[in-house]
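Chemist: Have a peek at upload30.txt (compact mmCIF, C-alpha atoms and all ligand atoms).
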# COMPACT_ATOMS: atom_id res chain seq x y z
CA MET A 247 0.00 0.00 0.00
CA LYS A 248 1.31 3.44 -0.98
CA VAL A 249 0.41 6.09 1.58
CA LEU A 250 0.88 9.80 1.10
CA ALA A 251 0.81 11.64 4.44
CA ILE A 252 0.45 15.40 4.14
CA ASN A 253 1.41 17.43 7.20
CA SER A 254 0.47 21.11 7.18
CA SER A 255 1.90 22.15 10.57
CA ALA A 256 4.51 24.90 10.46
CA ARG A 257 6.04 23.76 13.77
CA ILE A 258 7.68 20.61 12.43
CA GLY A 259 10.96 19.59 14.01
CA GLY A 260 9.92 18.83 17.57
CA GLN A 261 7.31 21.29 18.77
CA SER A 262 4.41 20.17 16.59
CA LYS A 263 1.74 17.90 18.05
CA THR A 264 0.40 17.20 14.53
CA GLU A 265 3.84 15.81 13.76
CA LEU A 266 3.90 13.86 17.03
CA MET A 267 0.59 12.12 16.25
CA LEU A 268 1.43 11.65 12.58
CA ASN A 269 4.83 10.10 13.37
CA HIS A 270 3.14 7.49 15.53
CA LEU A 271 0.44 6.76 12.93
CA VAL A 272 3.10 6.40 10.24
CA GLU A 273 5.15 4.09 12.49
CA GLY A 274 2.17 1.74 12.70
CA MET A 275 1.50 1.94 8.96
CA ARG A 276 5.10 1.09 8.12
CA ASP A 277 5.05 -1.69 10.69
CA ALA A 278 2.06 -3.17 8.84
CA GLY A 279 3.98 -3.06 5.57
CA ALA A 280 2.86 0.21 3.94
CA ALA A 281 5.23 2.43 1.98
CA VAL A 282 4.59 5.84 3.52
CA GLU A 283 5.83 9.16 2.21
CA VAL A 284 5.44 12.12 4.56
CA MET A 285 5.22 15.50 2.91
CA ASN A 286 5.52 18.69 4.95
CA LEU A 287 3.52 21.38 3.17
CA HIS A 288 5.37 24.11 5.03
CA LYS A 289 8.49 23.27 3.05
CA LYS A 290 6.63 23.32 -0.27
CA SER A 291 5.50 26.09 -2.54
CA ILE A 292 1.75 25.89 -3.16
CA LYS A 293 0.15 28.87 -4.85
CA ASN A 294 -3.45 29.70 -4.04
CA CYS A 295 -6.14 28.62 -6.48
CA ILE A 296 -7.13 31.70 -8.52
CA GLY A 297 -10.46 30.31 -9.71
CA CYS A 298 -9.64 30.53 -13.46
CA PHE A 299 -11.11 27.05 -14.13
CA THR A 300 -8.32 26.32 -16.62
CA CYS A 301 -8.15 22.85 -14.98
CA TRP A 302 -11.80 22.30 -15.98
CA THR A 303 -11.68 23.73 -19.51
CA LYS A 304 -8.48 24.37 -21.47
CA THR A 305 -6.39 21.64 -19.80
CA PRO A 306 -8.90 19.29 -18.11
CA GLY A 307 -7.39 17.78 -14.97
CA LYS A 308 -4.32 20.06 -15.05
CA CYS A 309 -3.76 23.27 -13.09
CA LEU A 310 -2.06 26.23 -14.79
CA HIS A 311 0.20 26.96 -11.82
CA GLN A 312 3.75 25.68 -12.06
CA ASP A 313 4.74 24.91 -8.47
CA ASP A 314 5.34 22.02 -6.07
CA MET A 315 1.63 21.15 -6.04
CA SER A 316 1.39 20.68 -9.81
CA ASN A 317 4.81 19.17 -10.30
CA GLU A 318 5.21 16.94 -7.28
CA ILE A 319 2.35 16.69 -4.79
CA TYR A 320 -0.66 16.31 -7.08
CA PRO A 321 0.82 13.42 -9.13
CA LYS A 322 1.72 11.63 -5.87
CA TYR A 323 -1.75 12.29 -4.53
CA LEU A 324 -3.35 10.64 -7.58
CA ASP A 325 -0.97 7.72 -7.31
CA ALA A 326 -1.54 7.05 -3.57
CA ASP A 327 -3.67 4.20 -2.24
CA LEU A 328 -4.35 6.17 0.91
CA LEU A 329 -4.07 9.84 1.78
CA VAL A 330 -3.51 11.11 5.34
CA LEU A 331 -4.34 14.78 5.85
CA ALA A 332 -2.72 15.95 9.08
CA THR A 333 -3.47 19.51 10.13
CA PRO A 334 -3.36 21.60 13.29
CA LEU A 335 -6.80 22.89 14.20
CA TYR A 336 -6.78 26.63 13.46
CA HIS A 337 -9.94 28.56 14.20
CA TYR A 338 -11.91 25.30 14.34
CA THR A 339 -10.87 24.03 10.93
CA VAL A 340 -7.88 23.10 8.75
CA ASN A 341 -5.02 25.61 8.67
CA ALA A 342 -4.29 27.80 5.65
CA GLU A 343 -1.61 25.54 4.18
CA MET A 344 -3.97 22.56 4.25
CA LYS A 345 -6.80 24.63 2.81
CA ALA A 346 -4.53 25.73 -0.06
CA PHE A 347 -3.71 22.07 -0.73
CA ILE A 348 -7.37 21.03 -0.67
CA GLU A 349 -8.41 23.86 -3.00
CA ARG A 350 -5.66 22.91 -5.42
CA THR A 351 -7.19 19.44 -5.81
CA LEU A 352 -9.91 21.10 -7.91
CA PRO A 353 -8.59 19.38 -11.09
CA ASP A 354 -9.94 16.25 -9.39
CA LEU A 355 -13.45 17.34 -10.23
CA GLN A 356 -15.43 17.90 -13.39
CA PRO A 357 -17.45 21.10 -13.75
CA PHE A 358 -20.84 19.45 -14.21
CA PHE A 359 -23.58 19.53 -11.60
CA LYS A 360 -24.99 16.28 -10.28
CA LEU A 361 -27.03 15.32 -7.27
CA ARG A 362 -25.38 13.37 -4.46
CA ASN A 363 -27.76 12.36 -1.73
CA GLY A 364 -30.06 15.20 -2.74
CA VAL A 365 -27.36 17.91 -2.71
CA THR A 366 -25.53 19.50 -5.61
CA SER A 367 -22.01 18.23 -6.27
CA HIS A 368 -19.41 17.70 -9.01
CA PRO A 369 -18.48 14.34 -10.56
CA ILE A 370 -14.97 13.11 -9.73
CA ARG A 371 -12.57 13.05 -12.68
CA HIS A 372 -9.84 10.69 -11.49
CA LYS A 373 -9.54 7.73 -9.19
CA THR A 374 -8.86 9.54 -5.93
CA PRO A 375 -7.46 7.92 -2.77
CA PRO A 376 -9.45 7.28 0.40
CA VAL A 377 -8.68 9.77 3.14
CA VAL A 378 -7.73 9.71 6.82
CA ALA A 379 -8.10 13.02 8.62
CA LEU A 380 -5.81 13.77 11.56
CA SER A 381 -5.90 16.90 13.65
CA VAL A 382 -4.76 18.25 17.02
CA ALA A 383 -6.13 21.10 19.12
CA GLY A 384 -5.22 23.10 22.19
CA PHE A 385 -8.63 22.97 23.88
CA PRO A 386 -9.57 19.83 25.81
CA ASP A 387 -13.17 19.45 24.56
CA GLU A 388 -13.80 16.73 21.99
CA SER A 389 -16.46 19.01 20.44
CA VAL A 390 -13.71 21.41 19.34
CA PHE A 391 -13.45 19.24 16.19
CA ASP A 392 -17.16 19.30 15.30
CA LEU A 393 -16.81 21.84 12.48
CA LEU A 394 -13.71 20.18 11.05
CA SER A 395 -15.40 16.79 11.15
CA SER A 396 -18.44 18.11 9.38
CA TYR A 397 -16.21 19.72 6.69
CA MET A 398 -14.14 16.57 6.19
CA ASN A 399 -17.23 14.37 5.98
CA PHE A 400 -18.77 16.69 3.44
CA ILE A 401 -15.85 17.02 1.06
CA TYR A 402 -14.53 13.47 1.42
CA HIS A 403 -17.97 11.90 1.45
CA GLY A 404 -17.76 8.17 0.85
CA ARG A 405 -13.98 8.04 1.09
CA LEU A 406 -13.22 9.25 4.62
CA LEU A 407 -11.91 6.13 6.36
CA ALA A 408 -11.07 7.54 9.78
CA GLU A 409 -10.92 10.76 11.75
CA ILE A 410 -8.14 10.96 14.33
CA TYR A 411 -8.76 14.06 16.40
CA ARG A 412 -6.69 14.70 19.52
CA PRO A 413 -7.89 17.47 21.87
CA ALA A 414 -5.60 18.94 24.58
CA ALA A 415 -2.70 18.01 22.34
CA GLU A 416 -0.44 20.74 23.71
CA SER A 417 -0.56 18.96 27.08
CA MET A 418 0.83 15.74 25.60
CA ARG A 419 4.43 15.50 26.72
CA PRO A 420 5.85 12.07 26.02
CA SER A 421 9.05 13.07 27.86
CA ASP A 422 7.03 13.27 31.09
CA GLY A 423 6.37 9.55 30.73
CA GLY A 424 2.72 10.07 31.62
CA GLU A 425 1.15 6.63 31.26
CA LYS A 426 -1.98 7.99 29.61
CA VAL A 427 -0.08 10.02 27.04
CA ALA A 428 2.10 6.97 26.32
CA ASP A 429 -1.06 4.91 25.75
CA ILE A 430 -2.53 7.54 23.41
CA LEU A 431 0.63 7.39 21.31
CA ASP A 432 0.71 3.57 21.40
CA ALA A 433 -2.92 3.52 20.30
CA THR A 434 -2.06 5.87 17.42
CA VAL A 435 0.62 3.41 16.27
CA GLN A 436 -1.98 0.64 16.54
CA GLY A 437 -4.43 2.80 14.54
CA GLY A 438 -1.82 3.00 11.75
CA ARG A 439 -1.48 -0.78 11.69
CA GLU A 440 -5.24 -1.30 11.61
CA LEU A 441 -5.70 1.18 8.76
CA VAL A 442 -3.24 -0.69 6.57
CA LYS A 443 -4.66 -4.08 7.45
CA SER A 444 -8.36 -3.32 7.34
CA MET A 445 -8.79 0.28 6.07
CA THR A 446 -10.44 1.28 9.33
CA ILE A 447 -9.63 1.94 12.99
CA SER A 448 -11.49 -0.14 15.57
CA PRO A 449 -13.70 1.67 18.10
CA GLU A 450 -11.47 0.34 20.95
CA THR A 451 -8.31 1.83 19.43
CA MET A 452 -10.11 5.09 18.63
CA ALA A 453 -11.35 5.38 22.22
CA ARG A 454 -7.74 5.05 23.45
CA ILE A 455 -6.55 7.71 20.96
CA LYS A 456 -9.24 10.12 22.13
CA TYR A 457 -8.89 9.35 25.83
CA PRO A 458 -9.69 12.51 27.84
CA PHE A 459 -6.58 12.52 30.04
CA VAL A 460 -7.24 16.13 31.08
CA ASN A 461 -10.28 18.38 31.26
CA PHE A 462 -10.91 22.08 31.68
CA GLU A 463 -10.66 21.94 35.48
CA THR A 464 -7.29 20.18 35.49
CA MET A 465 -5.85 22.08 32.55
CA ALA A 466 -6.96 25.68 33.01
CA PRO A 467 -4.97 26.57 36.18
CA ILE A 468 -1.69 25.36 34.66
CA VAL A 469 -2.41 26.74 31.17
CA ASN A 470 -3.24 30.15 32.61
CA ILE A 471 -0.11 30.48 34.74
CA PHE A 472 1.95 29.18 31.82
CA TRP A 473 0.68 31.93 29.48
CA GLN A 474 0.94 34.59 32.20
CA THR A 475 4.58 33.60 32.76
CA CYS A 476 5.26 33.79 29.00
CA ILE A 477 3.75 37.29 28.97
CA ASP A 478 5.61 38.46 32.10
CA GLU A 479 8.94 37.09 30.91
CA GLY A 480 8.43 38.06 27.26
CA VAL A 481 9.05 34.57 25.89
CA THR A 482 7.25 32.42 23.32
CA PRO A 483 6.19 28.88 24.27
CA LYS A 484 9.14 27.53 22.28
CA GLU A 485 11.59 29.75 24.18
CA PHE A 486 9.90 28.81 27.47
CA GLU A 487 10.54 25.15 26.73
CA LYS A 488 14.09 25.69 25.51
CA LYS A 489 14.99 27.60 28.67
CA GLU A 490 13.30 24.88 30.77
CA MET A 491 11.25 27.53 32.53
CA VAL A 492 8.59 26.82 35.16
CA PRO A 493 5.17 28.54 35.22
CA ARG A 494 4.88 30.88 38.19
CA PRO A 495 1.91 30.04 40.45
CA ASP A 496 -0.22 33.01 41.47
CA SER A 497 -2.27 31.30 44.19
CA ILE A 498 -2.11 28.34 46.53
CA GLU A 499 -4.46 26.46 44.17
CA THR A 500 -2.16 26.92 41.17
CA PHE A 501 0.88 26.06 43.33
CA VAL A 502 -0.82 22.81 44.33
CA ALA A 503 -1.70 22.06 40.68
CA LEU A 504 1.88 22.69 39.58
CA MET A 505 3.32 20.50 42.32
CA GLY A 506 1.01 17.72 41.15
CA LEU A 507 2.68 17.89 37.73
CA ALA A 508 6.16 18.15 39.23
CA PHE A 509 5.69 15.11 41.48
CA ASN A 510 8.13 12.33 40.66
CA LYS A 511 6.52 9.04 41.60
CA GLU A 512 9.62 6.97 40.89
CA LYS A 513 11.93 9.13 43.00
CA ALA A 514 9.39 9.30 45.83
CA GLY A 515 9.62 5.51 46.05
CA ASP A 516 8.24 4.24 49.36
CA ALA A 517 8.69 7.53 51.22
CA GLU A 518 5.85 8.39 53.59
CA VAL A 519 5.92 12.08 54.53
CA LYS A 520 3.72 15.11 55.07
CA ILE A 521 5.02 18.53 54.09
CA GLN A 522 3.18 21.58 55.36
CA PHE A 523 3.42 25.05 53.78
CA LEU A 524 2.50 28.20 55.70
CA PHE A 525 2.39 31.10 53.26
CA SER A 526 2.48 34.79 54.09
CA GLY A 527 3.08 37.95 52.03
CA GLU A 528 1.62 38.21 48.51
CA VAL A 529 -0.65 35.20 49.11
CA GLU A 530 -1.63 34.08 52.60
CA GLY A 531 -2.81 30.60 53.45
CA ARG A 532 -1.69 27.05 53.95
CA CYS A 533 -1.57 23.73 52.16
CA TYR A 534 0.16 20.41 52.63
CA PHE A 535 1.39 17.53 50.55
CA SER A 536 1.06 13.98 51.73
CA ILE A 537 3.30 11.45 49.96
CA LYS A 538 2.55 7.76 50.45
CA ASN A 539 3.04 4.62 48.32
CA GLY A 540 4.29 6.69 45.39
CA ASN A 541 1.16 8.85 45.41
CA LEU A 542 0.74 12.52 46.12
CA GLU A 543 -2.22 14.04 47.87
CA ALA A 544 -2.39 17.84 47.97
CA VAL A 545 -4.71 19.46 50.48
CA LEU A 546 -5.55 23.09 51.25
CA GLY A 547 -5.27 23.65 55.00
CA SER A 548 -3.31 22.15 57.89
CA ALA A 549 -1.94 18.65 58.39
CA ASP A 550 -1.87 16.70 61.65
CA ASN A 551 1.74 16.11 62.65
CA PRO A 552 3.57 17.16 59.47
CA ASP A 553 7.12 15.82 59.08
CA LEU A 554 8.30 19.14 57.71
CA THR A 555 6.86 22.64 57.94
CA ILE A 556 7.98 25.41 55.59
CA GLU A 557 7.00 28.90 56.66
CA THR A 558 7.64 31.33 53.85
CA PRO A 559 6.49 34.44 52.06
CA PHE A 560 4.63 33.16 48.98
CA GLU A 561 6.77 35.21 46.59
CA VAL A 562 10.03 33.81 48.03
CA TRP A 563 8.90 30.22 47.50
CA MET A 564 7.63 31.02 44.01
CA ASP A 565 11.05 32.53 43.17
CA ILE A 566 12.62 29.25 44.28
CA THR A 567 10.01 27.17 42.40
CA THR A 568 10.63 29.09 39.17
CA LYS A 569 14.43 28.90 39.63
CA LYS A 570 14.75 32.66 40.02
CA ALA A 571 16.25 32.17 43.47
CA ASP A 572 18.38 29.44 44.98
CA GLY A 573 16.63 27.51 47.78
CA GLN A 574 19.76 27.00 49.88
CA GLN A 575 20.82 30.63 49.53
CA MET A 576 17.36 31.82 50.57
CA PHE A 577 17.51 29.48 53.57
CA MET A 578 20.91 30.88 54.66
CA GLU A 579 19.51 34.36 54.33
CA GLN A 580 16.57 33.27 56.50
CA LYS A 581 14.06 34.30 53.88
CA TYR A 582 12.01 31.28 54.94
CA LYS A 583 11.89 29.05 58.02
CA VAL A 584 11.85 25.30 58.27
CA SER A 585 10.98 23.06 61.20
CA GLY A 586 10.85 19.29 61.53
CA ASP A 587 12.81 16.63 59.71
CA MET A 588 15.48 18.37 57.61
CA SER A 589 16.15 15.20 55.60
CA VAL A 590 12.70 15.68 54.02
CA LEU A 591 13.78 19.14 52.88
CA MET A 592 16.92 17.60 51.37
CA ARG A 593 14.71 15.27 49.31
CA PHE A 594 12.30 18.00 48.19
CA GLY A 595 13.99 18.30 44.79
CA ASP A 596 13.63 14.54 44.28
CA PHE A 597 9.94 14.51 45.20
CA PHE A 598 9.04 17.48 43.01
CA GLY A 599 11.76 17.47 40.38
CA LYS A 600 9.83 16.70 37.18
C1 LIG B 701 -3.91 30.56 14.50
C2 LIG B 701 -4.25 29.50 15.51
C3 LIG B 701 -5.56 29.11 15.66
C4 LIG B 701 -5.89 28.12 16.59
N1 LIG B 701 -7.20 27.76 16.73
C5 LIG B 701 -7.53 26.80 17.63
C6 LIG B 701 -8.89 26.41 17.80
O1 LIG B 701 -9.79 26.88 17.11
N2 LIG B 701 -9.18 25.50 18.75
C7 LIG B 701 -8.19 24.92 19.52
O2 LIG B 701 -8.50 24.10 20.38
N3 LIG B 701 -6.88 25.22 19.34
C8 LIG B 701 -6.54 26.16 18.42
N4 LIG B 701 -5.22 26.49 18.24
C9 LIG B 701 -4.17 25.71 18.97
C10 LIG B 701 -3.56 24.63 18.05
O3 LIG B 701 -4.54 23.79 17.52
C11 LIG B 701 -2.56 23.82 18.86
O4 LIG B 701 -1.55 24.68 19.31
C12 LIG B 701 -1.94 22.69 18.05
O5 LIG B 701 -1.08 21.94 18.89
C13 LIG B 701 -1.14 23.20 16.88
O6 LIG B 701 -0.64 22.13 16.13
P1 LIG B 701 0.93 21.89 15.98
O7 LIG B 701 1.41 21.57 17.37
O8 LIG B 701 1.07 20.76 15.06
O9 LIG B 701 1.53 23.15 15.45
C14 LIG B 701 -4.87 27.49 17.34
C15 LIG B 701 -3.53 27.90 17.17
C16 LIG B 701 -3.23 28.88 16.27
C17 LIG B 701 -1.77 29.29 16.11
Before anything else, please render the file you have as structure tokens.

Modeler:
Amino acid sequence: MKVLAINSSARIGGQSKTELMLNHLVEGMRDAGAAVEVMNLHKKSIKNCIGCFTCWTKTPGKCLHQDDMSNEIYPKYLDADLLVLATPLYHYTVNAEMKAFIERTLPDLQPFFKLRNGVTSHPIRHKTPPVVALSVAGFPDESVFDLLSSYMNFIYHGRLLAEIYRPAAESMRPSDGGEKVADILDATVQGGRELVKSMTISPETMARIKYPFVNFETMAPIVNIFWQTCIDEGVTPKEFEKKEMVPRPDSIETFVALMGLAFNKEKAGDAEVKIQFLFSGEVEGRCYFSIKNGNLEAVLGSADNPDLTIETPFEVWMDITTKKADGQQMFMEQKYKVSGDMSVLMRFGDFFGK
């Protein structure tokens, strides 16, 4: 099976979640024996369709533009047994590069009007490949793809084999080793295998690909402090990642949410400790973290018999959390106070080092 996989993300080379999902799908397709060519539209020159209808009249089936679409992509598209269209979700639909590609497949059609299921359409000129749509979005709601799905189903009516839509894609960090993210990516590989073997993806595999590993409530606090930190520090998300920055919590709730992400289960091992924070200054209040059997429980309020108590101005601890200040230095300068088992403090970086 010859597969042409078109990727229209401009963030290829590591940052792109379209690329992340597509790479896993392609891995599965190749594993099942398909010959897959991945084409990154961002590296190609595709002029916009100018609506001259030359491809319908003077040179039927041939566009007048001389560019990568006419000379390279379109012939490969006609020759493919399966087409994967992978696009980031931009304003609830395909991005501009993908739209330009789709419009430039106009030579596919003949100008005549015919009825298809009671609606006006054009007859297809060539044998065109079945399509798999793949997209990723920032928002966590599955419904974010409703418009895209409706568009894809309309234009690829009768030849849309599968729709792989991954919400909350920006929160998928395989390097974190999150089990659920790992399973989503494994399921995407499996989806690739199934497509080659049976031209469809089973409902079980699709449910794993779409698994809602986060929702608005879990995502929004972290997303919001992440963007606020980018704004305050004047960095783009890419620069934020490159500099290995940490989002700056602005409340005890967001601090607790961040610590949940930073918790390192493996390093915590069989430790059983309670760490109490007493915050003053910019934000006043208290919370504690209870670590037991490799699990973390974060609670607003006071613990009974904590092993370690950290009494600190909120802003001092947030400076330490975001690596703006050195924890040991701040301790020497008595910017915060600690009581209880100091060995727990020594292991703090292990517990929350992710
Ligand atoms: C111009 C633009 C429009 C976007 N529109 C949406 C949107 O409508 N819904 C959404 O959930 N995410 C939206 N996003 C977020 C992207 O879908 C998300 O960042 C995705 O990971 C981008 O794909 P990539 O990682 O392959 O570049 C938008 C991003 C940009 C830059």

Chemist: Would you kindly return, as a VMD selection string, each protein, DNA or RNA residue with an atom no farther than 6 Å from any atom of Leu554 of chain A, considering all atoms listed in the file and excluding same-chain residues fewer than 4 positions away?

Modeler: chain A and resid 521 585 to 587

Chemist: Hey, can you spit out that residue selection with C-alpha atoms as an mmCIF file, keeping the file's coordinate frame?

Modeler:
data_model
loop_
_atom_site.group_PDB
_atom_site.id
_atom_site.type_symbol
_atom_site.label_atom_id
_atom_site.label_comp_id
_atom_site.auth_asym_id
_atom_site.auth_seq_id
_atom_site.Cartn_x
_atom_site.Cartn_y
_atom_site.Cartn_z
ATOM 1 C CA ILE A 521 5.020 18.530 54.090
ATOM 2 C CA SER A 585 10.980 23.060 61.200
ATOM 3 C CA GLY A 586 10.850 19.290 61.530
ATOM 4 C CA ASP A 587 12.810 16.630 59.710
#

Chemist: For a quick check of understanding, using only C-alpha atoms, which of A:Lys289, A:His403, A:Lys581, A:Lys513 has the smallest distance to Phe594 of chain A?

Modeler: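 Looking only at the distances to Phe594 of chain A, the closest residue turns out to be A:Lys513.
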
Chemist: Can you pull out every residue with an atom within 9 Å of ligand LIG 701 (chain B)? Use all atoms listed in the file and format it as a PyMOL selection string.

Modeler: chain A and resi 253-258+260-267+332-339+341+381-387+390-391+413-417

Chemist: For a quick check of understanding, using only C-alpha atoms, which of A:Leu407, A:Val249, A:Val502, A:Val469 has the smallest distance to Val272 of chain A?

Modeler: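 Of all the options, A:Val249 lies closest to Val272 of chain A.
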
Chemist: Please provide as a list in words all residues within 9 Å of segment 312-324 of chain A, with the sequence filter that same-chain residues fewer than 3 positions apart are discarded (counting all atoms listed in the file).

Modeler: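 The neighbour list is Val249, Leu250, Met285, Lys290, Ser291, Ile292, Lys293, Lys308, Cys309, Asp327, Leu328, Leu329, Phe347, Arg350, Thr351, Asp354, His372, Lys373, Thr374 and Pro375 of chain A.
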